[in-house]
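Trainee: I am attaching a structure below and will ask some questions about it afterwards.
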Amino acid sequence: MLKPLFDTISRLHTRVYMSTVALLFLSCTLSNYVTATNYYVNDASATGDTYCLAIGNNSNNGLTAGTPKLTLKNLWMTYGPSGTNVLTSGDVIFIDAGTYSATGGASVDEAGFDITVAGLTFMGSNMNTTIFDHNHHGTPTEYFMYINASNVVLKNMTIREFDNNGTQSPGHSGQAITIGGAGVVRSGILLENINFIENGLSGGNPALSVLSNSSVTVKGGGSFCNTNGTAYTGGIEAYGTAITLVIENSILSNNYKVGSFDGGGLRIEGDPTTNVTVRNCRISNNMASHGGAISQTNGVLNVSNCIIQGNTAGQTSTTVYGGAFFMNAGTARFTKCRFENNAKSAGTLRGGAIACRYLGTSGAFSTLKTINLTVDSTVFIGNVGDLGFDIYAANGFSNACNVTVRDCQFLTSGSTNIVSDASSSATSVSVTYFGSVPSSSGSPVTKTLSSNTFYTPTLSPPSFTGTCGSIEVLPIELIDFKGFCNENFNNLIWETASEHNNAFFTIEKANEDGQFSELSIVQGMINSTEYVDYSFQDYSLTRGMSYYRLSQTDLDGTKRQLKTISVDNSCNKEIDIKASFNNLNNVLNIYYSFSKSEELDVQIVNSTGQTIASNTIAFEANDNKVDVFLKENLATGVYFVKLTNASVSYTSKFIVVNR
């Protein structure tokens with residue numbers, strides 16, 4: 001039954017109301033921001049400065065760009081908890097380009113910042129130019145920062161060569177930064193474009209520790225090359241309960257742990273309330289006893305769109321587990337990743353890429369012993385293990401080990417891709433795969449050729465400019481690029497999360513021979529740390545598929561290809577549908593030829609643009625006509641039928657003549 005579009009006006013009023021609320025909220029937000037204070041720190045040089053108009057001097061008040069402090073420690077002692085304590089939520093401390101180091105004495109060491117004021121922002125100029133370098137100075141108890149407040153933000157800086165063995169408060173802690181751990185939840189903490197480099201000469205803790213009751217996002221930057229001397233450090237850990245940790249667009253590489261310490265790049269120890277998400281990251285060349293890249297004692301782990309390569313397990317002559325990933329207990333999922341060239345440095349390695357087995361301890365926070373692992377749409381290539389080149393699964397101490405592998409490609413050449421080392425039926429390994437059958441041993445391993453569309457991950461995590469150099473600052477962080485066929489044009493949309501020296505985008509379109517040529521240029525934002533939406537409409541449509549390629553060009557002229565997509569032009573309004581009205585029985589006949597079934601909103605519109613009726617109808621691909629029965633006859637005139645859903649729009653004109 002067709003219905004008038006009465007709800008259209010209702011939705012319009014809702015949008016207006018929400019816009020009004022948004023403006024009021026923005027007004028309040030801006031009002032609050034205006035009351036906040038900006039502070040400035042600069043070294044003794046103007047080289048590379050972004051924020052300051054003068055070099056730093058601790059006799060300055062640090063309240064303007066022309067009067068910056070020389071050190072963050074002096075500003076903190078002046079305005080922080082040990083000073084007048086005037087820092088409040090919303091305050092921003094701008095730290096310009098320079099190297100801020102330990103020079104002796106608690107009053108000048110750029111170390112030991114205990115953050116208990118919520119809502120502070122520490123803003124460096126660039127993650128490769130604002131550098132806090134402790135030079136392994138002093139006793140091994142000096143950390144850079146302990147964050148025990150909500151909504152604290154650190155951006156654009158490097159933190160290097162701090163040594164904290166965790167003997168002081170809060171006990172278990174990171175070499176450079178520790179977050180949370182107290183009984184109160186600390187949420188909204190952001191570390192964006194922060195490099196942790198060469199931290200740690202003692203203790204097994206990583207450069208960054210996220211402790212209980214914390215909600216933290218690590219975006220950009222990374223923890224790498226924490227390998228100085230006989231370092232134990234490793235990259236990042238989630239240690240405790242009630243943790244939400246998101247790591248995205250980051251590097252965890254070249255971290256090193258000796259002895260029995262596991263999880264070179266990332267270590268997770270908690271319970272089911274410990275949730276870690278890793279996406280679009282490069283986790284490479286890390287070394288530990290078990291889990292060269294990642295070790296999971298318990299908790300919930302989700303990894304997607306990551307390259308996990310060149311990691312090694314070892315450090316001992318005994319049996320070790322997981323060249324890249326070791327799972328002792330908990331729940332984990334890897335989606336659209338690539339495990340490549342992971343192996344061992346010593347010992348007997350079970351699982352060149354992945355090993356799952358409960359080893360008899362579940363850590364300090366949980367007694368759970370069950371393993372549930374899913375690996376989806378992932379490629380394995382070049383991994384080497386003594387028992388299982390790619391995956392090893394076992395039911396340690398008869399505890400359940402459930403492994404599901406879906407739509408994966410096993411390209412590793414070796415004796416056995418998958419080993420199920422089961423002593424009872426508690427171990428279950430189910431595999432669907434692309435290409436050649438993965439070799440396996442042990443029981444049970446159920447293998448099925450995938451019936452889904454062939455999938456190869458297209459990965460673009462950040463990378464190094466050198467083995468242990470700096471992270472390459474990508475000109476943009478592209479969220480997605482996609483296109484939709486509209487009524488008489490193709491709508492191309494894309495979104496960026498950040499931009500750095502981005503001059504413009506180029507949209508190219510392929511001709512019938514598959515050769516791309518420039519269609520349009522869209523100006524970029526140059527620099528941005530906010531989400532930005534872009535769109536372009538292509539009206540030069542032809543029947544069939546259109547192929548588009550998006551590129552990006554830096555201010556220096558460097559051009560990078562980002563993504564290629566296709567758009568089906570089947571919604572061309574004059575080609576794909578036709579309509580005719582039979583005034584004898586008040587039936588509108590809609591003729592169509594769709595390649596797939598669609599559920600579409602049907603609207604009948606008169607020549608003045610007024611909607612006469614509407615309804616939602618299913619159009620089946622194996623049919624070519626739908627009959628729509630109207631309650632009343634249509635007067636003589638010109639009408640349009642519109643078929644739409646979220647991604648397509650079809651329109652056809654028809655004429656009614658009453659005799």
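Following the order of the structure tokens, chains are lettered A, B, ..., residues in each are numbered from 1, and ligands are numbered from 1.
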Residues at most 7 Å from Met145 of chain A, counting only C-alpha atoms, excluding those fewer than 2 positions away in the same chain, as a ChimeraX atom specification?

Mentor: /A:111-114,143,147,176-178

Trainee: What would the file look like if the residues just selected were written as a CSV table (one decimal), in the first residue's frame with N, CA and C atoms?

Mentor:
chain,number,residue,atom,x,y,z
A,111,ALA,N,61.7,15.7,33.2
A,111,ALA,CA,61.3,14.4,33.6
A,111,ALA,C,60.4,14.5,34.8
A,112,GLY,N,59.6,13.4,35.1
A,112,GLY,CA,58.8,13.3,36.3
A,112,GLY,C,57.6,14.2,36.4
A,113,PHE,N,56.9,14.3,35.2
A,113,PHE,CA,55.7,15.1,35.2
A,113,PHE,C,54.5,14.2,35.6
A,114,ASP,N,53.9,14.5,36.7
A,114,ASP,CA,52.7,13.8,37.2
A,114,ASP,C,51.5,14.6,36.9
A,143,TYR,N,61.1,8.7,34.8
A,143,TYR,CA,60.2,8.6,33.7
A,143,TYR,C,59.9,10.0,33.2
A,147,ILE,N,50.4,9.9,33.6
A,147,ILE,CA,49.1,10.6,33.4
A,147,ILE,C,48.0,9.9,34.2
A,176,ALA,N,58.9,5.3,29.7
A,176,ALA,CA,58.7,6.8,29.4
A,176,ALA,C,57.4,7.3,29.9
A,177,ILE,N,56.3,6.7,29.6
A,177,ILE,CA,55.0,7.2,30.0
A,177,ILE,C,54.1,6.1,30.6
A,178,THR,N,53.4,6.4,31.7
A,178,THR,CA,52.5,5.5,32.3
A,178,THR,C,51.1,6.2,32.4

Trainee: Give me, as a CSV table (one decimal) with C-alpha atoms, in the first residue's frame, all polymer residues having an atom no more than 10 Å from Glu198 of chain A, counting only C-alpha atoms and skipping those fewer than 6 positions away in the same chain.

Mentor:
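Output (out_21.csv):
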chain,number,residue,atom,x,y,z
A,133,ASP,CA,65.8,13.3,25.3
A,135,ASN,CA,70.1,10.7,27.6
A,136,HIS,CA,69.8,7.7,30.0
A,159,ILE,CA,60.3,10.9,23.9
A,160,ARG,CA,63.6,9.1,24.1
A,161,GLU,CA,66.1,7.4,26.4
A,162,PHE,CA,64.1,7.3,29.6
A,163,ASP,CA,64.9,4.5,32.1
A,175,GLN,CA,59.9,3.4,30.8
A,176,ALA,CA,58.7,6.8,29.4
A,207,ALA,CA,58.1,2.4,26.8
A,223,SER,CA,57.2,2.9,19.8
A,224,PHE,CA,60.3,1.7,18.1
A,225,CYS,CA,64.0,1.0,18.5
A,226,ASN,CA,63.7,0.6,22.2
A,227,THR,CA,66.8,-1.6,22.0
A,228,ASN,CA,69.7,0.4,23.4
A,229,GLY,CA,72.4,-1.8,25.1
A,231,ALA,CA,67.3,-3.2,26.8
A,233,THR,CA,61.9,-2.4,26.9
A,234,GLY,CA,59.5,-3.4,24.1
A,235,GLY,CA,56.9,-1.1,22.6
A,254,ASN,CA,62.7,-2.9,16.3
A,255,ASN,CA,61.9,-3.4,20.0
A,468,CYS,CA,65.9,3.1,13.3

Trainee: For each of A:Arg267, A:Val403, A:Ala393, A:Thr616, take the minimum atom-to-atom distance to Ser441 of chain A, counting only C-alpha atoms, then give the residue where this is smallest.

Mentor: A:Ala393

Trainee: List as a PyMOL selection string the protein and nucleic acid residues near segment 596-611 of chain A, meaning an atom at most 6 Å away when only C-alpha atoms are counted, but skip any in the same chain fewer than 3 places from it.

Mentor: chain A and resi 614-621+638-645

Trainee: For Thr412 of chain A, list every protein, DNA or RNA residue within 6 Å, evaluated using only C-alpha atoms, and leave out those in the same chain fewer than 2 positions away; present the list as a ChimeraX atom specification.

Mentor: /A:381-382,410

Trainee: Take the residues just selected and output them with C-alpha atoms as an mmCIF file, in the first residue's frame.

Mentor:
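Wrote selection.cif, looks like this:
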data_model
loop_
_atom_site.group_PDB
_atom_site.id
_atom_site.type_symbol
_atom_site.label_atom_id
_atom_site.label_comp_id
_atom_site.auth_asym_id
_atom_site.auth_seq_id
_atom_site.Cartn_x
_atom_site.Cartn_y
_atom_site.Cartn_z
ATOM 1 C CA ILE A 381 53.961 -15.652 3.427
ATOM 2 C CA GLY A 382 57.585 -16.526 4.218
ATOM 3 C CA PHE A 410 48.788 -19.563 2.681
#

Trainee: Excluding segment 307-320 of chain A and any residue of its chain fewer than 5 positions from it, enumerate the residues within 8 Å of it, using only C-alpha atoms, and give them as JSON, numbers by chain.

Mentor: {"A": [258, 259, 260, 280, 281, 282, 283, 284, 285, 286, 287, 288, 289, 290, 291, 292, 293, 337, 338, 339, 340, 341, 342, 343, 344, 345, 346, 347, 348, 349, 350, 459, 461]}
